[in-house]
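Accompanying notes for the structure given below.
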Amino acid sequence: MAGGDGNGWVQCDCGHRHWGRHGAAGLALVRPGVRPRVLLQLRAAWTHEGGTWGLVGGARDSHETVAEAALREAVEEAEVEPDLITVARELVGTDHGNWTYTYVIGLADARLTATDATPESDALEWVDLDEVAGRALHPAFGGSWTPLLAAIREVLLVRSGQ
């Protein structure tokens with residue numbers, strides 16, 4: 001199975017057009033702490049829904065799990081070290097039958113750094129969880145932020161042992 005076989009547009013069962021022949025995944029990379037932060041990507045103006053904030057992510061290849069796809073995309077787009085990320089949970093954000101977008105919640109080790117590594121983004125920024133909703137969010141991400149935030153808070157609560 002060739003790498004990159006997920007790249008391409010697909011029409012879902014609902015009649016919408018989506019990127020990712022086998023679905024797509026994004027990494028909600030969280031830096032825990034007193035004020036937890038999530039890594040956001042400002043999509044380049046030339047991309048679909050450019051000028052909006054979302055997560056690093058993209059098309060899933062046929063041989064990948066959702067977590068593998070999200071981590072690969074994060075490596076490609078933010079040059080993160082996957083060994084410094086603990087995958088904590090997955091949450092389907094969009095389910096259109098034959099096409100899904102799944103969020104993978106990952107906890108970043110304190111040593112993890114991120115670097116804007118692709119022309120697909122204009123910036124990467126660690127953003128306080130309480131400030132995300134105030135950004136100009138990618139429409140699909142914005143529509144999923146409330147349940148994703150609840151899942152992130154639950155992961156952080158379990159991690160803290162409370």
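To be explicit about the labels: the chains of the structure tokens are called A, B, and onward in the order shown, and within each one the residues are counted from 1, while ligands get numbers from 1 in the order they are shown.
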Where does DSSP see strand (DSSP E) in region 8-121 of chain A, if you list the residues as a PyMOL selection string? chain A and resi 9-11+17-19+24-31+37-43+53-54+56-59+85-95+100-108+121
File of the preceding selection, C-alpha atoms, as a compact mmCIF listing (two decimals), in the first residue's frame:
```txt
# COMPACT_ATOMS: atom_id res chain seq x y z
CA TRP A 9 -11.18 14.63 -3.07
CA VAL A 10 -14.11 12.37 -2.31
CA GLN A 11 -17.85 12.95 -2.34
CA ARG A 17 -16.85 17.14 -1.15
CA HIS A 18 -14.00 16.41 1.29
CA TRP A 19 -10.22 16.02 1.14
CA ALA A 24 -9.05 12.57 7.50
CA ALA A 25 -7.61 13.14 10.95
CA GLY A 26 -6.32 16.06 12.98
CA LEU A 27 -4.12 16.20 16.06
CA ALA A 28 -5.42 18.18 19.02
CA LEU A 29 -1.97 18.47 20.55
CA VAL A 30 -2.31 19.70 24.12
CA ARG A 31 0.43 21.09 26.32
CA ARG A 37 -2.73 25.08 25.53
CA VAL A 38 -3.50 23.47 22.20
CA LEU A 39 -1.43 23.80 19.04
CA LEU A 40 -3.37 25.67 16.35
CA GLN A 41 -2.47 26.16 12.72
CA LEU A 42 -3.40 29.25 10.73
CA ARG A 43 -4.32 27.89 7.31
CA TRP A 53 -7.42 28.48 12.53
CA GLY A 54 -7.56 24.71 12.91
CA VAL A 56 -2.58 20.13 11.98
CA GLY A 57 -4.00 17.20 10.10
CA GLY A 58 -5.06 15.88 6.76
CA ALA A 59 -5.91 12.91 4.60
CA ILE A 85 3.34 12.72 22.23
CA THR A 86 1.03 10.47 24.20
CA VAL A 87 -2.15 9.65 22.30
CA ALA A 88 -4.96 9.89 24.83
CA ARG A 89 -8.24 9.68 22.94
CA GLU A 90 -10.00 9.87 19.59
CA LEU A 91 -13.21 11.73 18.85
CA VAL A 92 -15.11 11.66 15.56
CA GLY A 93 -15.87 15.27 14.68
CA THR A 94 -17.64 14.70 11.37
CA ASP A 95 -19.30 11.49 10.22
CA THR A 100 -15.12 10.90 8.63
CA TYR A 101 -12.87 13.48 10.23
CA THR A 102 -11.50 12.26 13.53
CA TYR A 103 -9.73 14.32 16.17
CA VAL A 104 -6.88 12.63 18.01
CA ILE A 105 -6.12 14.16 21.40
CA GLY A 106 -2.41 13.99 22.13
CA LEU A 107 -0.56 15.16 25.21
CA ALA A 108 2.73 16.93 24.50
CA SER A 121 0.04 27.17 7.03
```
What residues in chain A get the DSSP label helix (DSSP H, G or I)? Please answer as a PyMOL selection string. chain A and resi 66-78+82-84+129-134+139-160
Kindly export the residues of the current selection with N, CA and C atoms, as a compact mmCIF listing (two decimals), in the first residue's frame.
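Result went into out32.txt, see below:
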```txt
# COMPACT_ATOMS: atom_id res chain seq x y z
N VAL A 66 -6.29 6.01 12.51
CA VAL A 66 -6.55 7.44 12.66
C VAL A 66 -5.39 8.12 13.40
N ALA A 67 -4.93 7.50 14.48
CA ALA A 67 -3.83 8.10 15.25
C ALA A 67 -2.56 8.18 14.43
N GLU A 68 -2.26 7.14 13.65
CA GLU A 68 -1.07 7.18 12.80
C GLU A 68 -1.15 8.32 11.79
N ALA A 69 -2.32 8.52 11.20
CA ALA A 69 -2.49 9.59 10.22
C ALA A 69 -2.31 10.96 10.88
N ALA A 70 -2.93 11.15 12.04
CA ALA A 70 -2.82 12.45 12.73
C ALA A 70 -1.37 12.75 13.12
N LEU A 71 -0.68 11.75 13.62
CA LEU A 71 0.73 11.95 14.01
C LEU A 71 1.60 12.21 12.78
N ARG A 72 1.39 11.47 11.70
CA ARG A 72 2.17 11.70 10.48
C ARG A 72 1.97 13.12 9.97
N GLU A 73 0.72 13.57 9.94
CA GLU A 73 0.43 14.93 9.48
C GLU A 73 1.10 15.96 10.39
N ALA A 74 1.09 15.72 11.70
CA ALA A 74 1.73 16.65 12.63
C ALA A 74 3.24 16.71 12.41
N VAL A 75 3.84 15.57 12.10
CA VAL A 75 5.27 15.55 11.79
C VAL A 75 5.52 16.36 10.51
N GLU A 76 4.70 16.14 9.49
CA GLU A 76 4.88 16.82 8.21
C GLU A 76 4.65 18.33 8.33
N GLU A 77 3.64 18.74 9.09
CA GLU A 77 3.24 20.14 9.12
C GLU A 77 3.86 20.95 10.25
N ALA A 78 4.28 20.27 11.32
CA ALA A 78 4.80 21.01 12.48
C ALA A 78 6.14 20.48 12.98
N PRO A 82 7.14 12.58 17.31
CA PRO A 82 6.01 11.76 17.76
C PRO A 82 6.28 10.99 19.05
N ASP A 83 7.55 10.70 19.35
CA ASP A 83 7.87 9.99 20.59
C ASP A 83 7.62 10.85 21.83
N LEU A 84 7.39 12.16 21.62
CA LEU A 84 7.11 13.07 22.74
C LEU A 84 5.62 13.37 22.86
N LEU A 129 -6.65 27.05 26.02
CA LEU A 129 -7.93 26.40 25.68
C LEU A 129 -9.10 27.36 25.74
N ASP A 130 -9.09 28.28 26.70
CA ASP A 130 -10.19 29.22 26.85
C ASP A 130 -10.20 30.32 25.80
N GLU A 131 -9.15 30.41 24.99
CA GLU A 131 -9.06 31.46 23.97
C GLU A 131 -9.32 30.95 22.55
N VAL A 132 -9.43 29.65 22.39
CA VAL A 132 -9.60 29.08 21.05
C VAL A 132 -10.87 29.58 20.38
N ALA A 133 -11.98 29.56 21.09
CA ALA A 133 -13.27 29.93 20.49
C ALA A 133 -13.30 31.38 20.00
N GLY A 134 -12.41 32.22 20.51
CA GLY A 134 -12.36 33.62 20.09
C GLY A 134 -11.61 33.83 18.78
N PRO A 139 -14.50 26.45 9.74
CA PRO A 139 -15.90 26.15 10.08
C PRO A 139 -16.14 24.76 10.68
N ALA A 140 -15.55 23.73 10.11
CA ALA A 140 -15.77 22.39 10.66
C ALA A 140 -15.14 22.25 12.05
N PHE A 141 -13.95 22.81 12.22
CA PHE A 141 -13.29 22.78 13.53
C PHE A 141 -14.12 23.57 14.54
N GLY A 142 -14.58 24.74 14.15
CA GLY A 142 -15.39 25.56 15.04
C GLY A 142 -16.66 24.83 15.48
N GLY A 143 -17.27 24.10 14.55
CA GLY A 143 -18.48 23.35 14.87
C GLY A 143 -18.24 22.18 15.79
N SER A 144 -17.00 21.71 15.85
CA SER A 144 -16.65 20.57 16.70
C SER A 144 -15.91 20.97 17.97
N TRP A 145 -15.60 22.27 18.11
CA TRP A 145 -14.75 22.68 19.22
C TRP A 145 -15.36 22.39 20.59
N THR A 146 -16.66 22.63 20.78
CA THR A 146 -17.27 22.43 22.10
C THR A 146 -17.14 20.98 22.57
N PRO A 147 -17.52 19.98 21.77
CA PRO A 147 -17.33 18.60 22.26
C PRO A 147 -15.85 18.20 22.34
N LEU A 148 -15.02 18.75 21.46
CA LEU A 148 -13.60 18.44 21.53
C LEU A 148 -12.99 19.03 22.80
N LEU A 149 -13.36 20.26 23.13
CA LEU A 149 -12.86 20.88 24.37
C LEU A 149 -13.28 20.06 25.59
N ALA A 150 -14.52 19.59 25.61
CA ALA A 150 -14.99 18.77 26.74
C ALA A 150 -14.16 17.49 26.84
N ALA A 151 -13.85 16.88 25.70
CA ALA A 151 -13.04 15.66 25.70
C ALA A 151 -11.61 15.94 26.17
N ILE A 152 -11.05 17.07 25.75
CA ILE A 152 -9.71 17.46 26.19
C ILE A 152 -9.70 17.67 27.70
N ARG A 153 -10.69 18.39 28.21
CA ARG A 153 -10.75 18.64 29.66
C ARG A 153 -10.89 17.33 30.44
N GLU A 154 -11.67 16.39 29.90
CA GLU A 154 -11.82 15.10 30.56
C GLU A 154 -10.48 14.35 30.58
N VAL A 155 -9.77 14.36 29.49
CA VAL A 155 -8.45 13.70 29.42
C VAL A 155 -7.52 14.33 30.45
N LEU A 156 -7.51 15.66 30.52
CA LEU A 156 -6.63 16.35 31.47
C LEU A 156 -7.01 16.05 32.92
N LEU A 157 -8.31 15.94 33.17
CA LEU A 157 -8.79 15.63 34.51
C LEU A 157 -8.35 14.22 34.92
N VAL A 158 -8.52 13.26 34.03
CA VAL A 158 -8.11 11.87 34.31
C VAL A 158 -6.60 11.83 34.51
N ARG A 159 -5.87 12.56 33.68
CA ARG A 159 -4.40 12.58 33.79
C ARG A 159 -3.94 13.13 35.14
N SER A 160 -4.67 14.12 35.64
CA SER A 160 -4.28 14.74 36.91
C SER A 160 -4.70 13.89 38.11
```
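From CA of Gly8 (chain A) back to CA of Asp116 (chain A), the distance works out to 23.1 Å.
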